[in-house]
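Asker: Provided below: target00.cif, containing mmCIF, C-alpha atoms.
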```cif
data_protein
#
loop_
_atom_site.label_atom_id
_atom_site.label_comp_id
_atom_site.auth_asym_id
_atom_site.auth_seq_id
_atom_site.Cartn_x
_atom_site.Cartn_y
_atom_site.Cartn_z
CA MET A 1113 0.00 0.00 0.00
CA MET A 1114 1.29 3.47 -0.95
CA SER A 1115 2.38 5.60 1.91
CA GLU A 1116 1.19 9.18 2.30
CA THR A 1117 4.65 10.45 1.35
CA GLU A 1118 4.80 8.29 -1.76
CA LYS A 1119 1.31 9.49 -2.78
CA PHE A 1120 2.38 13.10 -2.22
CA THR A 1121 5.57 12.79 -4.31
CA GLU A 1122 3.64 10.93 -7.02
CA ASP A 1123 1.19 13.86 -7.16
CA ILE A 1124 4.08 16.30 -7.49
CA LEU A 1125 5.59 14.31 -10.37
CA SER A 1126 2.22 13.68 -11.99
CA ASN A 1127 1.43 17.41 -11.94
CA ALA A 1128 4.84 18.17 -13.37
CA ARG A 1129 4.34 15.64 -16.18
CA GLY A 1130 0.91 17.11 -16.97
CA LYS A 1131 2.31 20.63 -17.02
CA ALA A 1132 5.23 19.46 -19.18
CA GLN A 1133 2.86 17.84 -21.62
CA SER A 1134 0.78 20.99 -21.92
CA ILE A 1135 3.95 23.08 -22.49
CA ILE A 1136 4.90 20.75 -25.34
CA ASP A 1137 1.34 20.62 -26.67
CA GLU A 1138 1.19 24.41 -26.65
CA ALA A 1139 4.49 24.65 -28.51
CA GLU A 1140 3.31 22.10 -31.08
CA THR A 1141 0.00 23.87 -31.59
CA GLU A 1142 1.83 27.17 -31.94
CA ALA A 1143 4.25 25.58 -34.41
CA GLN A 1144 1.41 24.03 -36.37
CA LYS A 1145 -0.39 27.36 -36.56
CA ALA A 1146 2.78 29.22 -37.57
CA SER A 1147 3.45 26.59 -40.20
CA GLU A 1148 -0.06 26.94 -41.65
CA GLU A 1149 0.16 30.72 -41.66
CA ALA A 1150 3.58 30.63 -43.29
CA LYS A 1151 2.31 28.18 -45.88
CA THR A 1152 -0.62 30.44 -46.71
CA ALA A 1153 1.66 33.48 -46.94
CA ALA A 1154 4.14 31.61 -49.15
CA ALA A 1155 1.27 30.38 -51.33
CA ARG A 1156 0.14 33.98 -51.70
CA GLU A 1157 3.68 35.03 -52.65
CA ALA A 1158 3.92 32.16 -55.13
CA GLU A 1159 0.56 33.12 -56.64
CA SER A 1160 1.75 36.69 -56.96
CA ILE A 1161 4.86 35.47 -58.80
CA MET A 1162 2.64 33.43 -61.10
CA GLN A 1163 0.31 36.35 -61.73
CA GLY A 1164 3.30 38.48 -62.63
CA ALA A 1165 4.54 35.76 -64.93
CA ARG A 1166 1.17 35.47 -66.65
CA ALA A 1167 1.11 39.24 -67.21
CA ASP A 1168 4.72 39.14 -68.48
CA ALA A 1169 3.82 36.23 -70.75
CA ASP A 1170 0.91 38.17 -72.27
CA ALA A 1171 3.12 41.19 -72.76
CA VAL A 1172 5.93 39.15 -74.33
CA LYS A 1173 3.52 37.45 -76.72
CA ARG A 1174 1.83 40.73 -77.63
CA ARG A 1175 5.22 42.38 -78.16
CA GLU A 1176 6.41 39.63 -80.52
CA ILE A 1177 3.26 39.92 -82.63
CA SER A 1178 3.19 43.69 -82.48
CA GLU A 1179 6.83 43.90 -83.61
CA ALA A 1180 6.08 41.53 -86.49
CA ARG A 1181 3.13 43.72 -87.51
CA HIS A 1182 5.29 46.82 -87.26
CA ARG A 1183 8.04 45.24 -89.39
CA ALA A 1184 5.48 44.13 -91.97
CA LYS A 1185 3.94 47.60 -92.05
CA ILE A 1186 7.34 49.21 -92.61
CA ARG A 1187 8.16 46.69 -95.34
CA GLU A 1188 4.82 47.35 -97.02
CA GLN A 1189 5.36 51.11 -96.84
CA GLU A 1190 8.87 50.78 -98.26
CA GLU A 1191 7.56 48.75 -101.20
CA LYS A 1192 4.75 51.22 -101.81
CA ASP A 1193 7.14 54.17 -101.62
CA LYS A 1194 9.43 52.47 -104.10
CA ILE A 1195 6.60 51.96 -106.59
CA MET A 1196 5.20 55.45 -106.08
CA GLN A 1197 8.64 57.01 -106.55
CA GLU A 1198 9.08 55.02 -109.76
CA VAL A 1199 5.72 56.22 -111.08
CA LEU A 1200 6.51 59.77 -110.01
CA GLU A 1201 9.87 59.65 -111.77
CA ARG A 1202 8.28 58.29 -114.92
CA ALA A 1203 5.65 61.02 -114.81
CA LYS A 1204 8.39 63.62 -114.30
CA LYS A 1205 10.39 62.26 -117.19
CA ARG A 1206 7.32 62.28 -119.40
CA THR A 1207 6.58 65.85 -118.31
CA LEU A 1208 10.06 67.00 -119.20
CA GLU A 1209 9.79 65.19 -122.53
CA LEU A 1210 6.55 67.02 -123.27
CA VAL A 1211 8.50 69.93 -124.65
CA LYS A 1212 9.49 67.78 -127.61
CA ASP A 1213 5.83 67.29 -128.57
CA GLU A 1214 4.72 70.67 -129.86
CA SER A 1215 1.06 69.66 -130.11
CA LYS A 1216 0.94 68.97 -126.36
CA TYR A 1217 3.49 71.46 -125.09
CA SER A 1218 2.24 74.56 -126.86
CA PRO A 1219 -1.24 74.48 -125.26
CA LEU A 1220 0.38 73.79 -121.87
CA LEU A 1221 2.75 76.72 -122.16
CA THR A 1222 -0.08 79.00 -123.28
CA HIS A 1223 -2.17 77.82 -120.35
CA LEU A 1224 0.70 78.41 -117.89
CA ILE A 1225 1.29 81.93 -119.18
CA GLU A 1226 -2.43 82.73 -119.06
CA SER A 1227 -2.76 81.44 -115.50
CA GLY A 1228 0.38 83.34 -114.47
CA ILE A 1229 -0.88 86.62 -115.91
CA ASN A 1230 -4.25 86.18 -114.18
CA GLU A 1231 -2.62 85.24 -110.92
CA LEU A 1232 -0.21 88.18 -111.00
CA GLY A 1233 -3.10 90.60 -111.64
CA GLU A 1234 -0.87 93.36 -113.07
CA LYS A 1235 -1.48 95.52 -116.16
CA ASP A 1236 2.15 95.25 -117.24
CA VAL A 1237 3.82 91.89 -117.22
CA MET A 1238 7.12 90.42 -118.31
CA ILE A 1239 7.25 86.83 -119.53
CA HIS A 1240 10.45 84.84 -119.19
CA LEU A 1241 11.06 81.67 -121.20
CA ASN A 1242 13.93 79.29 -121.76
CA ALA A 1243 16.17 79.63 -124.79
CA ARG A 1244 14.24 77.14 -126.91
CA ASP A 1245 10.81 78.65 -126.17
CA LEU A 1246 12.10 82.16 -126.82
CA LYS A 1247 12.35 81.13 -130.46
CA THR A 1248 8.59 80.44 -130.53
CA ILE A 1249 7.47 83.87 -129.31
CA THR A 1250 6.09 84.70 -132.74
CA SER A 1251 3.61 81.87 -132.60
CA LEU A 1252 2.89 82.44 -128.89
CA GLU A 1253 2.17 86.16 -129.07
CA PRO A 1254 -1.19 85.97 -130.89
CA LYS A 1255 -2.41 83.27 -128.51
CA ILE A 1256 -1.44 85.34 -125.46
CA ALA A 1257 -2.92 88.48 -126.98
CA ARG A 1258 -6.28 86.73 -127.24
CA PHE A 1259 -6.78 86.40 -123.50
CA ALA A 1260 -4.54 89.25 -122.36
CA ALA A 1261 -5.82 92.08 -124.51
CA HIS A 1262 -6.04 94.38 -121.47
CA VAL A 1263 -2.47 93.57 -120.37
CA LYS A 1264 0.74 94.96 -121.76
CA VAL A 1265 3.00 91.98 -122.33
CA GLU A 1266 6.76 92.18 -122.65
CA TRP A 1267 8.99 89.25 -123.45
CA SER A 1268 12.26 89.00 -121.64
CA ARG A 1269 15.19 88.27 -123.94
CA GLU A 1270 17.17 86.70 -121.11
CA PRO A 1271 16.55 82.93 -121.22
CA ILE A 1272 15.71 81.18 -117.99
CA GLU A 1273 17.17 77.87 -116.80
CA ALA A 1274 14.20 75.50 -117.09
CA SER A 1275 13.08 72.59 -119.20
CA GLY A 1276 9.92 74.44 -120.07
CA GLY A 1277 7.13 76.59 -118.75
CA ALA A 1278 7.44 80.26 -117.94
CA ILE A 1279 8.03 82.87 -115.28
CA ILE A 1280 5.56 85.73 -115.32
CA SER A 1281 6.73 88.79 -113.42
CA SER A 1282 6.02 92.46 -112.95
CA PRO A 1283 8.35 94.54 -115.15
CA ASP A 1284 10.54 95.42 -112.14
CA GLY A 1285 10.71 91.71 -111.22
CA LYS A 1286 9.45 92.30 -107.67
CA MET A 1287 6.44 90.05 -108.13
CA ARG A 1288 6.72 86.81 -110.01
CA ILE A 1289 4.76 83.69 -110.68
CA VAL A 1290 7.08 80.79 -111.36
CA SER A 1291 5.44 78.22 -113.61
CA THR A 1292 8.40 76.30 -114.95
CA LEU A 1293 7.87 72.58 -115.47
CA GLU A 1294 10.29 71.80 -112.63
CA GLN A 1295 8.50 74.15 -110.26
CA ILE A 1296 5.08 72.80 -111.25
CA PHE A 1297 6.29 69.32 -110.61
CA ASP A 1298 7.71 70.26 -107.20
CA ALA A 1299 4.54 72.11 -106.23
CA LEU A 1300 2.36 69.21 -107.26
CA GLU A 1301 4.56 66.48 -105.83
CA SER A 1302 2.62 65.78 -102.64
CA ARG A 1303 -0.68 65.76 -104.52
CA LEU A 1304 0.82 63.54 -107.20
CA LEU A 1305 1.94 61.10 -104.53
CA ILE A 1306 -1.57 60.94 -103.11
CA GLU A 1307 -3.04 60.40 -106.56
CA ALA A 1308 -0.41 57.80 -107.38
CA SER A 1309 -1.25 55.98 -104.15
CA LYS A 1310 -4.95 56.00 -105.03
CA SER A 1311 -4.30 54.70 -108.53
CA LEU A 1312 -1.77 52.07 -107.54
CA PHE A 1313 -3.17 50.81 -104.26
CA GLY A 1314 -6.74 52.06 -104.24
CA GLU A 1315 -6.00 54.19 -101.19
CA MET B 631 10.38 6.78 7.73
CA SER B 632 11.72 9.58 9.86
CA GLY B 633 10.60 13.16 9.39
CA LEU B 634 13.96 14.07 7.84
CA GLU B 635 13.76 11.21 5.37
CA THR B 636 10.22 12.32 4.40
CA VAL B 637 11.39 15.88 3.72
CA LYS B 638 14.29 14.51 1.66
CA VAL B 639 11.93 12.38 -0.46
CA ILE B 640 9.65 15.35 -1.07
CA VAL B 641 12.58 17.65 -1.98
CA ASP B 642 13.83 14.99 -4.47
CA ALA B 643 10.37 14.77 -5.96
CA GLU B 644 10.22 18.58 -6.32
CA ARG B 645 13.66 18.50 -7.97
CA GLN B 646 12.51 15.82 -10.43
CA ALA B 647 9.33 17.78 -11.15
CA ALA B 648 11.38 20.93 -11.86
CA LYS B 649 13.60 18.92 -14.22
CA ILE B 650 10.56 17.54 -16.04
CA ILE B 651 9.27 21.11 -16.54
CA ASP B 652 12.73 22.32 -17.63
CA ASP B 653 13.01 19.46 -20.12
CA ALA B 654 9.54 20.25 -21.45
CA ASN B 655 10.46 23.93 -21.84
CA ALA B 656 13.65 22.96 -23.65
CA GLN B 657 11.67 20.63 -25.93
CA ALA B 658 9.11 23.38 -26.61
CA ALA B 659 11.93 25.79 -27.45
CA ASN B 660 13.37 23.22 -29.86
CA ILE B 661 9.96 22.73 -31.48
CA ARG B 662 9.60 26.50 -31.98
CA LYS B 663 13.14 26.78 -33.27
CA GLY B 664 12.66 23.83 -35.60
CA ILE B 665 9.47 25.18 -37.05
CA GLY B 666 11.18 28.50 -37.86
CA THR B 667 13.76 26.71 -39.97
CA GLY B 668 11.12 24.44 -41.49
CA ILE B 669 8.93 27.37 -42.45
CA GLN B 670 11.83 29.13 -44.13
CA GLU B 671 12.75 26.01 -46.10
CA GLN B 672 9.16 25.35 -47.09
CA ARG B 673 8.75 28.98 -48.21
CA GLN B 674 11.95 28.83 -50.25
CA GLN B 675 10.81 25.61 -51.93
CA MET B 676 7.38 27.01 -52.77
CA LEU B 677 8.82 30.24 -54.15
CA GLU B 678 11.52 28.45 -56.08
CA ALA B 679 8.90 26.19 -57.68
CA ALA B 680 6.76 29.22 -58.49
CA ARG B 681 9.74 31.01 -60.06
CA LYS B 682 10.50 27.98 -62.20
CA ASP B 683 6.87 27.73 -63.33
CA ALA B 684 6.82 31.46 -63.98
CA ALA B 685 9.95 31.31 -66.12
CA ALA B 686 8.45 28.39 -68.05
CA ILE B 687 5.21 30.32 -68.66
CA VAL B 688 7.11 33.34 -70.00
CA ALA B 689 9.39 31.18 -72.15
CA ARG B 690 6.39 29.31 -73.58
CA ALA B 691 4.58 32.59 -74.32
CA GLU B 692 7.69 33.94 -76.03
CA ALA B 693 7.93 30.83 -78.19
CA GLU B 694 4.21 31.03 -79.04
CA GLY B 695 4.58 34.73 -79.82
CA LYS B 696 7.52 34.02 -82.13
CA LEU B 697 5.52 31.33 -83.93
CA GLU B 698 2.55 33.66 -84.38
CA ALA B 699 4.88 36.45 -85.46
CA ASP B 700 6.52 34.17 -88.04
CA ALA B 701 3.12 33.10 -89.35
CA TYR B 702 2.02 36.73 -89.54
CA GLN B 703 5.22 37.67 -91.34
CA LYS B 704 4.73 34.93 -93.93
CA GLU B 705 1.11 35.95 -94.49
CA SER B 706 1.97 39.61 -94.81
CA ALA B 707 4.86 38.85 -97.18
CA GLN B 708 2.42 36.95 -99.44
CA ALA B 709 -0.12 39.75 -99.21
CA LEU B 710 2.60 42.26 -100.07
CA GLN B 711 3.60 40.24 -103.13
CA VAL B 712 -0.01 40.33 -104.33
CA LEU B 713 -0.21 44.06 -103.64
CA VAL B 714 3.04 44.76 -105.51
CA ALA B 715 1.97 42.61 -108.45
CA LYS B 716 -1.39 44.37 -108.65
CA ALA B 717 0.25 47.80 -108.39
CA SER B 718 2.71 46.90 -111.14
CA THR B 719 -0.16 46.37 -113.57
CA ARG B 720 -1.48 49.82 -112.65
CA LYS B 721 1.77 51.76 -113.07
CA ASP B 722 1.17 52.91 -116.66
CA ALA B 723 -2.33 54.15 -115.86
CA ALA B 724 -0.99 55.93 -112.78
CA VAL B 725 1.69 57.70 -114.84
CA GLU B 726 -0.97 58.86 -117.31
CA LYS B 727 -3.14 60.13 -114.49
CA LEU B 728 -0.26 62.13 -112.97
CA LEU B 729 0.62 63.49 -116.36
CA ALA B 730 -2.97 64.67 -116.85
CA ILE B 731 -2.83 66.47 -113.48
CA ILE B 732 0.46 68.13 -114.42
CA MET B 733 -0.92 69.15 -117.81
CA ARG B 734 -3.79 70.91 -116.09
CA ALA B 735 -1.13 72.41 -113.81
CA GLU B 736 -3.59 72.50 -110.92
CA LYS B 737 -1.45 73.32 -107.95
#
```
Would you mind giving the structure from this file in structure tokens?
Answerer:
Amino acid sequence: MMSETEKFTEDILSNARGKAQSIIDEAETEAQKASEEAKTAAAREAESIMQGARADADAVKRREISEARHRAKIREQEEKDKIMQEVLERAKKRTLELVKDESKYSPLLTHLIESGINELGEKDVMIHLNARDLKTITSLEPKIARFAAHVKVEWSREPIEASGGAIISSPDGKMRIVSTLEQIFDALESRLLIEASKSLFGE
Amino acid sequence: MSGLETVKVIVDAERQAAKIIDDANAQAANIRKGIGTGIQEQRQQMLEAARKDAAAIVARAEAEGKLEADAYQKESAQALQVLVAKASTRKDAAVEKLLAIIMRAEK
């Protein structure tokens, strides 16, 4: 039979064991909880990494395609420019060759002089031509006189540097309308490019 | 058992009880310490795995993007060929049209 002393010491040890167990249990519960919380936090971090990666992936894919589109657009524009420039050059060449075809050039020159006189709006005008056209003044004069009866026309004897066309100026040269073929072509260039684009590409 | 012996037995028991508690506290401290290291390792593993997956996702998207870009490039090159061929047949007409504009000298 257990003595009173033995029972007393057994109680002391039993209490100690119980307390020890609850200390360990508490630590394990705490550890378990901390582990769960850490796992959740790490899962959140991992998900955030994945979300970032998905966004990066979309961006990378879009960038690849967008760059390809951009390259294709540039290539297309280069090809179009090449064709338009070729057409423009051919048109320019044909324009400069016009002077050789009297039946086409003469009405053009007359028209340019008429427009220049009207645009200048002066009563006295001086018309400047290149060396070749200066030789045709005799045939030009009656045509000009028809629409410029109210204007005193003088013909400059100094030839201009141009393939064709004319410069119409006030006698003192302070006002001038430049209608040489080169200038006409330059002035029309942007419009010609638009028209060429419409004709060639339906744009 | 004499009174002295009884006291001695009780004091021993108290000493043992204190040791049991101390041992338990030490074990609890070890558990807490161990979980700290475990959590760190587990976190590193999870993040490392996520980083690997993330890199794979981006690499796959890049490869897909390149494939789509290549396909687009081929399609657009074909379309451009058609466009150039069609435009070539229209060059003469375009030159005539420009010439007509120049002849009218409409600036």
Asker: Could you please determine the separation between atom CA of Gly1233 of chain A and atom CA of Trp1267 of chain A in Å, to one decimal place?
Answerer: 17.0 Å
Asker: Please find the residues of chain A near chain B - the criterion being any atom within 6 Å, counting only C-alpha atoms - and write them as a list in words.
Answerer: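 Result: Thr1121, Leu1125, Ala1128, Ala1132, Ile1136, Ala1139, Ala1143, Ser1147, Ala1154, Ala1158, Met1162, Ala1165, Ala1169, Val1172, Lys1173, Glu1176, Ile1177, Ala1180, Val1199, Ala1203, Leu1300, Ala1308, Ser1311 and Leu1312 of chain A.
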Asker: Rounded to one decimal in Å, what is the spacing between atom CA of Leu1221 of chain A and atom CA of Lys1205 of chain A?
Answerer: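 Separation of atom CA of Leu1221 of chain A and atom CA of Lys1205 of chain A: 17.1 Å.
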Asker: Applying 12 Å and all atoms listed in the file, which residues near Ile1249 of chain A remain after dropping the ones on its own chain fewer than 3 positions away? List them as an mmCIF file with C-alpha atoms, keeping the file's coordinate frame.
Answerer:
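Ended up saving to result-v6.cif:
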```
data_model
loop_
_atom_site.group_PDB
_atom_site.id
_atom_site.type_symbol
_atom_site.label_atom_id
_atom_site.label_comp_id
_atom_site.auth_asym_id
_atom_site.auth_seq_id
_atom_site.Cartn_x
_atom_site.Cartn_y
_atom_site.Cartn_z
ATOM 1 C CA SER A 1218 2.240 74.560 -126.860
ATOM 2 C CA LEU A 1221 2.750 76.720 -122.160
ATOM 3 C CA THR A 1222 -0.080 79.000 -123.280
ATOM 4 C CA ILE A 1239 7.250 86.830 -119.530
ATOM 5 C CA HIS A 1240 10.450 84.840 -119.190
ATOM 6 C CA LEU A 1241 11.060 81.670 -121.200
ATOM 7 C CA ASN A 1242 13.930 79.290 -121.760
ATOM 8 C CA ALA A 1243 16.170 79.630 -124.790
ATOM 9 C CA ARG A 1244 14.240 77.140 -126.910
ATOM 10 C CA ASP A 1245 10.810 78.650 -126.170
ATOM 11 C CA LEU A 1246 12.100 82.160 -126.820
ATOM 12 C CA LEU A 1252 2.890 82.440 -128.890
ATOM 13 C CA GLU A 1253 2.170 86.160 -129.070
ATOM 14 C CA PRO A 1254 -1.190 85.970 -130.890
ATOM 15 C CA LYS A 1255 -2.410 83.270 -128.510
ATOM 16 C CA ILE A 1256 -1.440 85.340 -125.460
ATOM 17 C CA ALA A 1257 -2.920 88.480 -126.980
ATOM 18 C CA VAL A 1265 3.000 91.980 -122.330
ATOM 19 C CA GLU A 1266 6.760 92.180 -122.650
ATOM 20 C CA TRP A 1267 8.990 89.250 -123.450
ATOM 21 C CA SER A 1268 12.260 89.000 -121.640
ATOM 22 C CA ARG A 1269 15.190 88.270 -123.940
ATOM 23 C CA ALA A 1278 7.440 80.260 -117.940
#
```
Asker: Convert the output of the PyMOL selection byres ((chain A and resi 1281) around 9) on the shown file into explicit residues, formatted as a list in words.
Answerer: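 This file gives the following for the PyMOL selection byres ((chain A and resi 1281) around 9): Gly1228, Ile1229, Leu1232, Glu1234, Asp1236, Val1237, Met1238, Ile1239, His1240, Ile1279, Ile1280, Ser1282, Pro1283, Asp1284, Gly1285, Lys1286, Met1287, Arg1288, Ile1289 and Val1290 of chain A.
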Asker: How many Å lie between atom CA of Asp1168 of chain A and atom CA of Ile1186 of chain A, rounded to one decimal?
Answerer: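 Value for the atom CA of Asp1168 of chain A-atom CA of Ile1186 of chain A distance: 26.3 Å.
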Asker: Once all heavy atoms are restored for segment 684-694 of chain B, what would the output be as a short mmCIF file (atom, residue, chain, number, x, y, z; two decimals), keeping the file's coordinate frame?
Answerer:
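selection-v5.cif, freshly written:
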```cif
data_model
loop_
_atom_site.label_atom_id
_atom_site.label_comp_id
_atom_site.auth_asym_id
_atom_site.auth_seq_id
_atom_site.Cartn_x
_atom_site.Cartn_y
_atom_site.Cartn_z
N ALA B 684 6.98 30.14 -63.37
CA ALA B 684 6.82 31.46 -63.98
C ALA B 684 7.74 31.62 -65.19
O ALA B 684 7.31 32.08 -66.26
CB ALA B 684 7.12 32.55 -62.96
N ALA B 685 8.98 31.20 -65.01
CA ALA B 685 9.95 31.31 -66.12
C ALA B 685 9.48 30.46 -67.30
O ALA B 685 9.60 30.87 -68.46
CB ALA B 685 11.33 30.86 -65.66
N ALA B 686 8.92 29.28 -66.98
CA ALA B 686 8.45 28.39 -68.05
C ALA B 686 7.27 29.03 -68.79
O ALA B 686 7.18 28.95 -70.03
CB ALA B 686 8.03 27.05 -67.47
N ILE B 687 6.38 29.67 -68.04
CA ILE B 687 5.21 30.32 -68.66
C ILE B 687 5.67 31.42 -69.63
O ILE B 687 5.20 31.51 -70.76
CB ILE B 687 4.28 30.92 -67.57
CG1 ILE B 687 3.51 29.80 -66.87
CG2 ILE B 687 3.31 31.93 -68.17
CD1 ILE B 687 2.68 30.25 -65.68
N VAL B 688 6.62 32.23 -69.16
CA VAL B 688 7.11 33.34 -70.00
C VAL B 688 7.83 32.80 -71.24
O VAL B 688 7.61 33.28 -72.36
CB VAL B 688 8.03 34.29 -69.19
CG1 VAL B 688 8.64 35.35 -70.09
CG2 VAL B 688 7.26 34.94 -68.06
N ALA B 689 8.65 31.75 -71.01
CA ALA B 689 9.39 31.18 -72.15
C ALA B 689 8.42 30.59 -73.18
O ALA B 689 8.60 30.76 -74.38
CB ALA B 689 10.34 30.11 -71.65
N ARG B 690 7.37 29.91 -72.67
CA ARG B 690 6.39 29.31 -73.58
C ARG B 690 5.66 30.41 -74.37
O ARG B 690 5.47 30.30 -75.58
CB ARG B 690 5.39 28.47 -72.77
CG ARG B 690 4.56 27.54 -73.65
CD ARG B 690 3.84 26.48 -72.85
NE ARG B 690 3.02 27.03 -71.79
CZ ARG B 690 3.17 26.76 -70.50
NH1 ARG B 690 4.11 25.94 -70.10
NH2 ARG B 690 2.38 27.29 -69.60
N ALA B 691 5.29 31.48 -73.65
CA ALA B 691 4.58 32.59 -74.32
C ALA B 691 5.48 33.22 -75.38
O ALA B 691 5.01 33.57 -76.47
CB ALA B 691 4.17 33.64 -73.30
N GLU B 692 6.76 33.34 -75.07
CA GLU B 692 7.69 33.94 -76.03
C GLU B 692 7.78 33.07 -77.29
O GLU B 692 7.76 33.58 -78.42
CB GLU B 692 9.07 34.09 -75.38
CG GLU B 692 9.96 35.02 -76.16
CD GLU B 692 11.24 35.37 -75.42
OE1 GLU B 692 11.37 34.95 -74.25
OE2 GLU B 692 12.07 36.06 -76.01
N ALA B 693 7.86 31.75 -77.05
CA ALA B 693 7.93 30.83 -78.19
C ALA B 693 6.65 30.89 -79.02
O ALA B 693 6.70 30.94 -80.25
CB ALA B 693 8.16 29.41 -77.68
N GLU B 694 5.50 30.93 -78.33
CA GLU B 694 4.21 31.03 -79.04
C GLU B 694 4.14 32.34 -79.83
O GLU B 694 3.70 32.37 -80.97
CB GLU B 694 3.05 30.98 -78.04
CG GLU B 694 2.75 29.58 -77.54
CD GLU B 694 1.72 29.58 -76.41
OE1 GLU B 694 1.15 30.65 -76.10
OE2 GLU B 694 1.52 28.51 -75.81
#
```
